[in-house]
Structure formats: structure tokens, C-alpha cells
>>> print(open('coords_22.tsv').read())   # TSV, C-alpha atoms and all ligand atoms
chain	number	residue	atom	x	y	z
A	1	MET	CA	210.47	-58.19	-91.20
A	2	ILE	CA	210.67	-56.75	-87.71
A	3	ILE	CA	207.78	-57.77	-85.54
A	4	LYS	CA	207.26	-55.24	-82.80
A	5	GLU	CA	206.87	-56.83	-79.38
A	6	PRO	CA	203.60	-55.80	-77.76
A	7	ALA	CA	204.17	-53.55	-74.75
A	8	THR	CA	204.00	-55.42	-71.46
A	9	LEU	CA	200.71	-54.66	-69.80
A	10	ALA	CA	200.64	-53.80	-66.11
A	11	VAL	CA	196.86	-53.91	-66.08
A	12	SER	CA	194.17	-55.15	-68.42
A	13	THR	CA	190.45	-55.38	-67.81
A	14	ASN	CA	187.89	-56.88	-70.14
A	15	LYS	CA	184.30	-55.69	-69.70
A	16	ALA	CA	184.75	-55.67	-65.93
A	17	SER	CA	181.64	-54.71	-63.98
A	18	PHE	CA	180.91	-54.12	-60.32
A	19	ASN	CA	177.68	-52.95	-58.72
A	20	TYR	CA	176.65	-52.15	-55.16
A	21	ASN	CA	173.05	-53.40	-55.13
A	22	HIS	CA	171.44	-51.28	-57.84
A	23	THR	CA	174.34	-48.89	-58.38
A	24	LYS	CA	176.54	-49.75	-61.36
A	25	ALA	CA	179.87	-48.41	-60.05
A	26	VAL	CA	182.03	-49.95	-62.80
A	27	ASP	CA	180.19	-50.75	-65.98
A	28	GLU	CA	181.68	-53.19	-68.55
A	29	LEU	CA	184.96	-51.36	-68.39
A	30	SER	CA	187.82	-52.43	-70.67
A	31	LEU	CA	191.22	-50.92	-70.10
A	32	GLU	CA	194.87	-51.57	-70.92
A	33	VAL	CA	197.69	-49.90	-69.03
A	34	PRO	CA	201.20	-50.51	-70.40
A	35	ALA	CA	203.95	-50.95	-67.82
A	36	GLY	CA	206.17	-48.00	-66.96
A	37	ILE	CA	203.75	-45.11	-67.43
A	38	SER	CA	201.73	-42.81	-65.23
A	39	PHE	CA	198.07	-43.40	-65.94
A	40	GLY	CA	195.48	-40.98	-64.62
A	41	LEU	CA	191.88	-41.89	-63.87
A	42	LEU	CA	190.00	-38.64	-64.01
A	43	GLY	CA	186.40	-38.11	-63.13
A	44	PRO	CA	183.96	-36.44	-60.78
A	45	ASN	CA	182.85	-37.92	-57.47
A	46	GLY	CA	180.87	-41.08	-58.00
A	47	ALA	CA	182.45	-41.84	-61.40
A	48	GLY	CA	183.71	-45.21	-60.15
A	49	LYS	CA	187.43	-44.47	-59.68
A	50	THR	CA	187.72	-45.90	-56.16
A	51	THR	CA	185.72	-49.00	-57.07
A	52	LEU	CA	187.94	-49.61	-60.11
A	53	ILE	CA	191.11	-49.24	-58.03
A	54	ARG	CA	189.73	-51.61	-55.37
A	55	LEU	CA	189.03	-54.13	-58.14
A	56	LEU	CA	192.61	-53.79	-59.42
A	57	VAL	CA	194.03	-54.32	-55.94
A	58	GLY	CA	191.84	-57.40	-55.44
A	59	LEU	CA	189.82	-55.98	-52.54
A	60	LEU	CA	186.69	-56.38	-54.68
A	61	GLN	CA	185.95	-59.04	-57.30
A	62	PRO	CA	184.23	-58.16	-60.58
A	63	LYS	CA	180.62	-59.39	-60.86
A	64	SER	CA	181.31	-60.03	-64.54
A	65	GLY	CA	184.19	-59.60	-66.97
A	66	SER	CA	187.84	-60.16	-66.12
A	67	ILE	CA	190.85	-58.36	-64.68
A	68	GLN	CA	194.57	-59.07	-64.95
A	69	VAL	CA	197.19	-57.19	-62.95
A	70	LEU	CA	200.88	-57.92	-63.62
A	71	GLY	CA	199.71	-60.94	-65.58
A	72	GLN	CA	197.61	-62.42	-62.78
A	73	ILE	CA	194.12	-62.26	-61.33
A	74	PRO	CA	194.51	-59.68	-58.52
A	75	SER	CA	194.85	-61.20	-55.05
A	76	ARG	CA	196.54	-60.54	-51.74
A	77	LYS	CA	199.40	-62.81	-52.79
A	78	MET	CA	200.59	-59.98	-55.03
A	79	ALA	CA	201.08	-57.56	-52.11
A	80	HIS	CA	204.87	-57.53	-52.51
A	81	SER	CA	204.65	-56.06	-56.01
A	82	ILE	CA	201.71	-53.68	-55.51
A	83	GLY	CA	201.54	-50.47	-53.50
A	84	TYR	CA	198.07	-49.19	-52.65
A	85	MET	CA	197.21	-45.84	-51.15
A	86	PRO	CA	193.50	-45.78	-50.29
A	87	GLN	CA	191.41	-42.63	-50.59
A	88	LEU	CA	190.67	-42.70	-46.87
A	89	HIS	CA	193.96	-43.41	-45.18
A	90	SER	CA	194.24	-46.61	-43.22
A	91	LEU	CA	196.85	-45.53	-40.68
A	92	TYR	CA	196.95	-46.65	-37.06
A	93	SER	CA	196.44	-43.49	-35.03
A	94	GLU	CA	197.91	-44.79	-31.81
A	95	LEU	CA	201.13	-45.95	-33.49
A	96	SER	CA	204.01	-43.66	-34.39
A	97	VAL	CA	205.05	-42.69	-37.90
A	98	ILE	CA	207.86	-45.24	-37.98
A	99	GLN	CA	205.70	-48.00	-36.45
A	100	ASN	CA	203.05	-47.48	-39.13
A	101	ILE	CA	205.56	-47.77	-41.96
A	102	ASN	CA	207.15	-50.79	-40.30
A	103	PHE	CA	203.73	-52.44	-40.04
A	104	PHE	CA	203.00	-51.97	-43.75
A	105	ALA	CA	206.54	-53.00	-44.74
A	106	ARG	CA	206.00	-56.32	-42.95
A	107	ILE	CA	202.57	-56.86	-44.52
A	108	TYR	CA	204.13	-56.20	-47.92
A	109	GLY	CA	206.67	-58.94	-47.26
A	110	LEU	CA	209.86	-57.02	-46.39
A	111	ARG	CA	211.15	-59.70	-44.04
A	112	ASP	CA	214.84	-58.88	-43.88
A	113	LYS	CA	215.18	-56.64	-40.80
A	114	HIS	CA	218.23	-54.73	-42.00
A	115	LYS	CA	216.81	-54.07	-45.46
A	116	ARG	CA	213.48	-53.09	-43.92
A	117	ALA	CA	215.08	-50.54	-41.59
A	118	GLN	CA	217.04	-49.09	-44.50
A	119	GLN	CA	213.99	-48.71	-46.76
A	120	ILE	CA	211.89	-47.28	-43.92
A	121	GLU	CA	214.50	-44.60	-43.26
A	122	GLU	CA	214.74	-43.80	-46.97
A	123	VAL	CA	210.99	-43.43	-47.37
A	124	ILE	CA	210.45	-41.33	-44.21
A	125	LYS	CA	213.10	-38.91	-45.42
A	126	LEU	CA	211.54	-38.82	-48.86
A	127	VAL	CA	208.17	-37.68	-47.48
A	128	ASP	CA	209.96	-35.31	-45.14
A	129	LEU	CA	208.73	-36.82	-41.88
A	130	TRP	CA	212.09	-37.82	-40.39
A	131	PRO	CA	211.89	-35.25	-37.53
A	132	ARG	CA	208.38	-36.58	-36.69
A	133	ARG	CA	209.24	-40.27	-36.96
A	134	ASN	CA	208.51	-41.09	-33.31
A	135	ASP	CA	205.34	-39.00	-33.03
A	136	SER	CA	201.95	-40.67	-33.02
A	137	VAL	CA	199.71	-40.30	-36.06
A	138	LEU	CA	197.19	-38.48	-33.85
A	139	SER	CA	199.57	-35.52	-33.63
A	140	LEU	CA	200.03	-35.15	-37.41
A	141	SER	CA	198.34	-32.61	-39.68
A	142	GLY	CA	196.21	-33.77	-42.64
A	143	GLY	CA	199.03	-33.20	-45.12
A	144	MET	CA	201.48	-35.16	-42.95
A	145	LYS	CA	199.04	-38.10	-42.76
A	146	GLN	CA	198.80	-37.96	-46.54
A	147	ARG	CA	202.60	-38.11	-46.82
A	148	LEU	CA	202.74	-40.97	-44.34
A	149	SER	CA	200.10	-42.89	-46.31
A	150	LEU	CA	202.23	-42.54	-49.41
A	151	ALA	CA	205.31	-43.72	-47.50
A	152	CYS	CA	203.39	-46.82	-46.34
A	153	ALA	CA	202.36	-47.59	-49.94
A	154	ILE	CA	205.86	-47.33	-51.43
A	155	VAL	CA	208.16	-48.64	-48.69
A	156	HIS	CA	208.56	-52.04	-50.41
A	157	LYS	CA	209.38	-50.45	-53.80
A	158	PRO	CA	206.44	-51.95	-55.68
A	159	SER	CA	206.43	-52.23	-59.46
A	160	LEU	CA	202.78	-51.12	-59.60
A	161	LEU	CA	201.44	-48.24	-57.53
A	162	LEU	CA	197.72	-47.57	-57.23
A	163	LEU	CA	197.05	-44.24	-55.60
A	164	ASP	CA	193.49	-43.12	-54.90
A	165	GLU	CA	193.38	-39.31	-54.90
A	166	PRO	CA	196.80	-38.97	-53.23
A	167	THR	CA	197.09	-35.24	-53.80
A	168	VAL	CA	193.79	-34.19	-52.15
A	169	GLY	CA	194.54	-31.72	-49.36
A	170	LEU	CA	198.18	-31.26	-50.32
A	171	ASP	CA	199.52	-27.74	-50.59
A	172	PRO	CA	200.87	-26.81	-54.05
A	173	GLU	CA	204.51	-27.17	-52.99
A	174	LEU	CA	203.96	-30.70	-51.72
A	175	ARG	CA	201.97	-31.58	-54.81
A	176	VAL	CA	205.05	-30.69	-56.89
A	177	THR	CA	207.24	-32.87	-54.64
A	178	PHE	CA	204.84	-35.81	-54.99
A	179	TRP	CA	204.82	-35.48	-58.78
A	180	GLU	CA	208.61	-35.23	-58.98
A	181	TYR	CA	208.77	-38.48	-57.07
A	182	PHE	CA	206.09	-40.17	-59.22
A	183	THR	CA	208.01	-39.21	-62.35
A	184	THR	CA	211.21	-40.68	-60.91
A	185	LEU	CA	209.36	-43.92	-60.19
A	186	THR	CA	208.00	-44.32	-63.72
A	187	LYS	CA	211.43	-43.51	-65.17
A	188	GLN	CA	212.72	-46.43	-63.12
A	189	GLY	CA	210.11	-48.67	-64.78
A	190	ALA	CA	207.32	-48.66	-62.19
A	191	THR	CA	203.71	-48.20	-63.29
A	192	LEU	CA	201.59	-45.60	-61.60
A	193	ILE	CA	197.81	-45.53	-61.65
A	194	ILE	CA	196.46	-42.46	-59.97
A	195	SER	CA	192.92	-41.23	-59.53
A	196	SER	CA	192.09	-37.59	-59.24
A	197	HIS	CA	189.43	-35.06	-59.97
A	198	THR	CA	191.83	-32.20	-60.50
A	199	MET	CA	193.15	-31.27	-63.92
A	200	ASP	CA	196.40	-30.20	-62.27
A	201	ASP	CA	197.23	-33.87	-61.61
A	202	ALA	CA	195.94	-34.83	-65.03
A	203	ALA	CA	198.49	-32.65	-66.80
A	204	HIS	CA	201.35	-34.66	-65.21
A	205	CYS	CA	200.15	-38.06	-66.46
A	206	ASP	CA	201.47	-39.81	-69.57
A	207	HIS	CA	198.02	-41.15	-70.34
A	208	LEU	CA	194.56	-40.24	-69.10
A	209	ALA	CA	191.21	-41.96	-68.95
A	210	PHE	CA	188.17	-39.76	-68.36
A	211	MET	CA	185.62	-41.70	-66.30
A	212	ARG	CA	181.94	-41.06	-65.88
A	213	ARG	CA	179.21	-43.31	-64.49
A	214	GLY	CA	181.45	-46.37	-64.34
A	215	LYS	CA	182.67	-46.06	-67.92
A	216	ILE	CA	185.68	-44.60	-69.67
A	217	ILE	CA	184.34	-41.95	-72.00
A	218	ALA	CA	187.67	-40.96	-73.57
A	219	GLN	CA	191.37	-41.71	-73.24
A	220	GLY	CA	194.70	-40.57	-74.61
A	221	SER	CA	197.65	-38.39	-73.72
A	222	PRO	CA	196.78	-34.98	-72.22
A	223	GLN	CA	197.76	-33.40	-75.52
A	224	GLU	CA	195.65	-35.81	-77.61
A	225	LEU	CA	192.61	-35.19	-75.43
A	226	ARG	CA	192.99	-31.44	-75.68
A	227	GLN	CA	193.47	-31.61	-79.46
A	228	ALA	CA	190.37	-33.78	-79.88
A	229	THR	CA	188.20	-30.78	-78.95
A	230	GLY	CA	189.33	-29.01	-82.12
A	231	HIS	CA	190.32	-25.90	-80.15
A	232	PRO	CA	194.06	-25.23	-80.00
A	233	GLU	CA	193.70	-23.37	-76.68
A	234	ALA	CA	191.56	-26.03	-74.99
A	235	THR	CA	192.48	-27.00	-71.43
A	236	LEU	CA	192.04	-30.50	-70.02
A	237	GLU	CA	188.95	-29.23	-68.22
A	238	ASP	CA	187.51	-28.11	-71.57
A	239	ALA	CA	188.39	-31.52	-73.01
A	240	PHE	CA	186.59	-33.32	-70.19
A	241	LEU	CA	183.46	-31.20	-70.67
A	242	TYR	CA	183.70	-31.73	-74.43
A	243	PHE	CA	183.68	-35.52	-74.03
A	244	ILE	CA	180.79	-35.40	-71.56
A	245	HIS	CA	178.87	-33.32	-74.08
A	246	CYS	CA	179.65	-35.83	-76.88
A	247	GLU	CA	178.50	-38.69	-74.67
A	248	VAL	CA	175.26	-36.98	-73.67
A	249	LYS	CA	174.52	-36.18	-77.31
A	250	GLU	CA	175.22	-39.78	-78.33
A	251	SER	CA	172.99	-41.27	-75.66
A	252	ALA	CA	170.17	-38.87	-76.57
A	253	SER	CA	170.26	-39.78	-80.27
B	1	LIG	N1	180.18	-49.10	-50.29
B	1	LIG	C1	179.28	-48.62	-51.15
B	1	LIG	N2	177.97	-48.93	-51.04
B	1	LIG	C2	177.05	-48.47	-51.94
B	1	LIG	N3	177.36	-47.68	-52.99
B	1	LIG	C3	178.64	-47.33	-53.14
B	1	LIG	C4	179.66	-47.77	-52.23
B	1	LIG	N4	180.86	-47.26	-52.65
B	1	LIG	C5	180.59	-46.53	-53.75
B	1	LIG	N5	179.28	-46.57	-54.04
B	1	LIG	C6	178.63	-45.92	-55.22
B	1	LIG	O1	179.28	-46.38	-56.39
B	1	LIG	C7	179.49	-45.31	-57.31
B	1	LIG	C8	180.97	-45.14	-57.60
B	1	LIG	O2	181.62	-44.72	-56.40
B	1	LIG	P1	183.21	-44.59	-56.28
B	1	LIG	O3	183.83	-45.80	-56.86
B	1	LIG	O4	183.49	-44.28	-54.85
B	1	LIG	O5	183.49	-43.33	-57.21
B	1	LIG	P2	184.64	-42.22	-57.15
B	1	LIG	O6	185.81	-42.81	-56.47
B	1	LIG	O7	184.88	-41.88	-58.59
B	1	LIG	O8	184.06	-41.05	-56.40
B	1	LIG	C9	178.82	-44.09	-56.68
B	1	LIG	O9	177.51	-43.98	-57.19
B	1	LIG	C10	178.80	-44.42	-55.21
B	1	LIG	O10	177.74	-43.76	-54.56
B	2	MG	MG	186.90	-42.14	-54.86
>>> encode(input="coords_22.tsv", output="C-alpha cells")
Amino acid sequence: MIIKEPATLAVSTNKASFNYNHTKAVDELSLEVPAGISFGLLGPNGAGKTTLIRLLVGLLQPKSGSIQVLGQIPSRKMAHSIGYMPQLHSLYSELSVIQNINFFARIYGLRDKHKRAQQIEEVIKLVDLWPRRNDSVLSLSGGMKQRLSLACAIVHKPSLLLLDEPTVGLDPELRVTFWEYFTTLTKQGATLIISSHTMDDAAHCDHLAFMRRGKIIAQGSPQELRQATGHPEATLEDAFLYFIHCEVKESAS
């Protein structure tokens, strides 16, 4: 008999909850994300996506329930294997592009100077900011800051990337470039968890979780979620509305 090995989990949460005073931002949420996939957290503003990502990074601790990330309770000690791009970028405006990436590379534990310089150059070129490398962040456009934030999150080649709405404000061409890169990363074995409220991002993910009011109301591949509506032509937007409708009906009965 062949016993199938369970897939390695990059993330697992068990009834994890977090509230800000009276607001339940993440509500008894259980989730398993296998390693090596792109996992999309989809939901409207206020659904709890940012809070969940901050819990996974270890910036917040659950009030109840448990969380494991790469087999451990999330903490700052895991910085070398996690890349985090916050929703509001945390760049240093007075520093240059290259100085910002260098700063994050050091925080993430890239100590070897030669290797650090090499990876910084690679990542600046990837986000197409090489000609602007010595300019201060103050002089960059919104889209450039977005690209720089991504560069800061990936410079140390993390095995788990948590990106909070990374494609907001990107023009369509750049969005395609970002997704090409994300796909390359998952093919190399990295895990990507990305939050978004656009169905355009959703379509690129291997697996999606629809979030609403701190809970996951449905999950599956984009195709599975569309098929669940029973309409062959259904879009992901239709699927999301369908699951909200099911949930509302259930809570009313
Ligand atoms: N720092 C905070 N203080 C109080 N309430 C917050 C704070 N951050 C988020 N919230 C509330 O928690 C809920 C979830 O927010 P958030 O995790 O930011 O959702 P999303 O990222 O999906 O927009 C919302 O009701 C929001 O108003
Ligand atoms: Mg958010």
C-alpha cells in the first residue's frame, strides 16, 4: 500500500481570532496553505485580510486559537525565511532606493556583503528601478514605491511571501510583470499569500479564500469556486456574490 505523504504546510491556523476592542477582525479562522502555491485572500475592505496577514507575520498575536507558519509559531526570528509587503509601504523617504533595499536586506539577515550587493542589484533590476537606484524615495511615483516595496520584501529570497494588496495602484502592464514574477517564485517552490480585492488578481492564484467579516466563507481553485455557482459562465465576482448570498441566507435561517 502506498501511503501518500501529506503536503507540507506553509501556514496553518486553528480557530485563530483577533479583535480590536469590540471589532472581531479575524473570527475563529482555520486555514491550511500547502507550500509552493499562490494563495489569494479575497475580500472587501474590512474583511480582515490585513489583520490575518499581520497575525501570520507575527506582528499581532491571536487572542485565541493557534497559528503555525513554516512549522513554527510566527515570530521575528523567522525574518530570514519570510518576506512581508505591508499594505501601507514602510519605506524610508529620505533614503535612496538602494539604501532602502540594503536596510531591509540587513534586517532580513543577509550579512554577507558581497552576496547582499549581488541580490540587491538583481532585485532592483527585476522591479525596473535600476536607473533610479540613487534617487530618494520622495522623488518616486506611487507605482515606483510599490515596486520598491516589493523589492524590499523579496531581496533575501524568502520561502514564504506575504503580500498585502501589492497590486493596488499598479498599471495593467506592471500588474502582468508582478504576476509573471510571482508565478516564477511559486514554480521555484516558494509560497505566496496575497491579499486583494480585485478579481483580476484572484484569477492568477492557484487557490482562493473568500473572506468576509473575519471569516473564510468559501475556498477552492478559481475554477472550483466559479463552478460552485452552477452557472458555466460565472465569473469570480459572481462566485463571490453567490457565496455572500449563501452565507446571508444561512445566517437568516
Ligand atoms: N488598528 C485598528 N484599530 C481598530 N480597528 C481596526 C484596526 N485595524 C483594523 N481594524 C478593523 O478590523 C476590521 C478588519 O480590518 P482589516 O484587517 O484592515 O481588513 P482588510 O484588510 O480586509 O480591509 C475592520 O472592521 C477594521 O475597521
Ligand atoms: Mg487591508
>>> residues_near_ligand(input="coords_22.tsv", ligand="ligand LIG 1 (chain B)", cutoff="12 Å", atoms="all atoms listed in the file", output="PyMOL selection string")
chain A and resi 17-27+41-55+60+86-88+163-165+194-197+210-216
>>> write_last_selection(input="coords_22.tsv", atoms="C-alpha atoms", output="compact mmCIF listing (two decimals), keeping the file's coordinate frame")
# COMPACT_ATOMS: atom_id res chain seq x y z
CA SER A 17 181.64 -54.71 -63.98
CA PHE A 18 180.91 -54.12 -60.32
CA ASN A 19 177.68 -52.95 -58.72
CA TYR A 20 176.65 -52.15 -55.16
CA ASN A 21 173.05 -53.40 -55.13
CA HIS A 22 171.44 -51.28 -57.84
CA THR A 23 174.34 -48.89 -58.38
CA LYS A 24 176.54 -49.75 -61.36
CA ALA A 25 179.87 -48.41 -60.05
CA VAL A 26 182.03 -49.95 -62.80
CA ASP A 27 180.19 -50.75 -65.98
CA LEU A 41 191.88 -41.89 -63.87
CA LEU A 42 190.00 -38.64 -64.01
CA GLY A 43 186.40 -38.11 -63.13
CA PRO A 44 183.96 -36.44 -60.78
CA ASN A 45 182.85 -37.92 -57.47
CA GLY A 46 180.87 -41.08 -58.00
CA ALA A 47 182.45 -41.84 -61.40
CA GLY A 48 183.71 -45.21 -60.15
CA LYS A 49 187.43 -44.47 -59.68
CA THR A 50 187.72 -45.90 -56.16
CA THR A 51 185.72 -49.00 -57.07
CA LEU A 52 187.94 -49.61 -60.11
CA ILE A 53 191.11 -49.24 -58.03
CA ARG A 54 189.73 -51.61 -55.37
CA LEU A 55 189.03 -54.13 -58.14
CA LEU A 60 186.69 -56.38 -54.68
CA PRO A 86 193.50 -45.78 -50.29
CA GLN A 87 191.41 -42.63 -50.59
CA LEU A 88 190.67 -42.70 -46.87
CA LEU A 163 197.05 -44.24 -55.60
CA ASP A 164 193.49 -43.12 -54.90
CA GLU A 165 193.38 -39.31 -54.90
CA ILE A 194 196.46 -42.46 -59.97
CA SER A 195 192.92 -41.23 -59.53
CA SER A 196 192.09 -37.59 -59.24
CA HIS A 197 189.43 -35.06 -59.97
CA PHE A 210 188.17 -39.76 -68.36
CA MET A 211 185.62 -41.70 -66.30
CA ARG A 212 181.94 -41.06 -65.88
CA ARG A 213 179.21 -43.31 -64.49
CA GLY A 214 181.45 -46.37 -64.34
CA LYS A 215 182.67 -46.06 -67.92
CA ILE A 216 185.68 -44.60 -69.67
>>> atom_distance(input="coords_22.tsv", atom1="atom CA of A:Ala218", atom2="atom CA of A:Thr8")
21.9 Å
>>> closest_residue(input="coords_22.tsv", among="A:Leu95, A:Arg133, A:Gln61, A:Val168", to="ligand MG 2 (chain B)", atoms="all atoms listed in the file")
A:Val168
>>> closest_residue(input="coords_22.tsv", among="A:Pro158, A:Leu150, A:Phe39, A:Leu192", to="A:Met78", atoms="all atoms listed in the file")
A:Pro158
>>> closest_residue(input="coords_22.tsv", among="A:Lys157, A:His89, A:Arg76, A:Arg132", to="A:Leu110", atoms="only C-alpha atoms")
A:Lys157
>>> residues_around(input="coords_22.tsv", residues="A:Ser139", least_positions_apart="3", cutoff="9 Å", atoms="only C-alpha atoms", output="MDAnalysis selection string")
chainID A and resid 93 135:136
>>> residues_around(input="coords_22.tsv", residues="A:Ala239", least_positions_apart="3", cutoff="10 Å", atoms="only C-alpha atoms", output="number ranges by chain")
A: 210, 218, 222-231, 234-236, 242-245
>>> closest_residue(input="coords_22.tsv", among="A:Met85, A:Val155, A:Ala252, A:Ile217", to="ligand MG 2 (chain B)", atoms="all atoms listed in the file")
A:Met85
>>> residues_around(input="coords_22.tsv", residues="A:Tyr92", least_positions_apart="3", cutoff="10 Å", atoms="all atoms listed in the file", output="number ranges by chain")
A: 89, 95-97, 99-101, 103, 136-138
>>> closest_residue(input="coords_22.tsv", among="A:Leu148, A:Leu31, A:Val127, A:Ile120", to="A:Thr13", atoms="all atoms listed in the file")
A:Leu31
>>> closest_residue(input="coords_22.tsv", among="A:Gly142, A:Asn102, A:His207, A:Val11", to="A:Leu161", atoms="all atoms listed in the file")
A:Val11
>>> build_atoms(input="coords_22.tsv", residues="stretch 69-85 of chain A", atoms="N, CA and C atoms", output="PDB file, in the coordinates of the input")
ATOM      1  N   VAL A  69     196.245 -58.189 -63.461  1.00  0.00           N
ATOM      2  CA  VAL A  69     197.190 -57.190 -62.950  1.00  0.00           C
ATOM      3  C   VAL A  69     198.547 -57.875 -62.858  1.00  0.00           C
ATOM      4  N   LEU A  70     199.536 -57.317 -63.516  1.00  0.00           N
ATOM      5  CA  LEU A  70     200.880 -57.920 -63.620  1.00  0.00           C
ATOM      6  C   LEU A  70     200.760 -59.386 -64.044  1.00  0.00           C
ATOM      7  N   GLY A  71     199.855 -59.609 -64.995  1.00  0.00           N
ATOM      8  CA  GLY A  71     199.710 -60.940 -65.580  1.00  0.00           C
ATOM      9  C   GLY A  71     198.933 -61.943 -64.736  1.00  0.00           C
ATOM     10  N   GLN A  72     198.348 -61.485 -63.641  1.00  0.00           N
ATOM     11  CA  GLN A  72     197.610 -62.420 -62.780  1.00  0.00           C
ATOM     12  C   GLN A  72     196.254 -61.850 -62.378  1.00  0.00           C
ATOM     13  N   ILE A  73     195.383 -62.744 -61.901  1.00  0.00           N
ATOM     14  CA  ILE A  73     194.120 -62.260 -61.330  1.00  0.00           C
ATOM     15  C   ILE A  73     194.488 -61.618 -59.982  1.00  0.00           C
ATOM     16  N   PRO A  74     194.065 -60.358 -59.745  1.00  0.00           N
ATOM     17  CA  PRO A  74     194.510 -59.680 -58.520  1.00  0.00           C
ATOM     18  C   PRO A  74     194.145 -60.446 -57.241  1.00  0.00           C
ATOM     19  N   SER A  75     195.111 -60.553 -56.347  1.00  0.00           N
ATOM     20  CA  SER A  75     194.850 -61.200 -55.050  1.00  0.00           C
ATOM     21  C   SER A  75     195.872 -60.685 -54.049  1.00  0.00           C
ATOM     22  N   ARG A  76     195.631 -61.015 -52.788  1.00  0.00           N
ATOM     23  CA  ARG A  76     196.540 -60.540 -51.740  1.00  0.00           C
ATOM     24  C   ARG A  76     197.957 -61.089 -51.879  1.00  0.00           C
ATOM     25  N   LYS A  77     198.080 -62.200 -52.606  1.00  0.00           N
ATOM     26  CA  LYS A  77     199.400 -62.810 -52.790  1.00  0.00           C
ATOM     27  C   LYS A  77     200.343 -61.876 -53.553  1.00  0.00           C
ATOM     28  N   MET A  78     199.758 -60.875 -54.219  1.00  0.00           N
ATOM     29  CA  MET A  78     200.590 -59.980 -55.030  1.00  0.00           C
ATOM     30  C   MET A  78     201.056 -58.762 -54.241  1.00  0.00           C
ATOM     31  N   ALA A  79     200.798 -58.750 -52.944  1.00  0.00           N
ATOM     32  CA  ALA A  79     201.080 -57.560 -52.110  1.00  0.00           C
ATOM     33  C   ALA A  79     202.521 -57.059 -52.256  1.00  0.00           C
ATOM     34  N   HIS A  80     203.475 -57.974 -52.445  1.00  0.00           N
ATOM     35  CA  HIS A  80     204.870 -57.530 -52.510  1.00  0.00           C
ATOM     36  C   HIS A  80     205.175 -56.689 -53.753  1.00  0.00           C
ATOM     37  N   SER A  81     204.349 -56.854 -54.814  1.00  0.00           N
ATOM     38  CA  SER A  81     204.650 -56.060 -56.010  1.00  0.00           C
ATOM     39  C   SER A  81     203.684 -54.905 -56.244  1.00  0.00           C
ATOM     40  N   ILE A  82     202.693 -54.764 -55.349  1.00  0.00           N
ATOM     41  CA  ILE A  82     201.710 -53.680 -55.510  1.00  0.00           C
ATOM     42  C   ILE A  82     201.741 -52.751 -54.309  1.00  0.00           C
ATOM     43  N   GLY A  83     201.682 -51.463 -54.576  1.00  0.00           N
ATOM     44  CA  GLY A  83     201.540 -50.470 -53.500  1.00  0.00           C
ATOM     45  C   GLY A  83     200.190 -49.808 -53.653  1.00  0.00           C
ATOM     46  N   TYR A  84     199.429 -49.737 -52.573  1.00  0.00           N
ATOM     47  CA  TYR A  84     198.070 -49.190 -52.650  1.00  0.00           C
ATOM     48  C   TYR A  84     197.888 -48.099 -51.609  1.00  0.00           C
ATOM     49  N   MET A  85     197.514 -46.926 -52.071  1.00  0.00           N
ATOM     50  CA  MET A  85     197.210 -45.840 -51.150  1.00  0.00           C
ATOM     51  C   MET A  85     195.710 -45.559 -51.247  1.00  0.00           C
TER      52      MET A  85
END
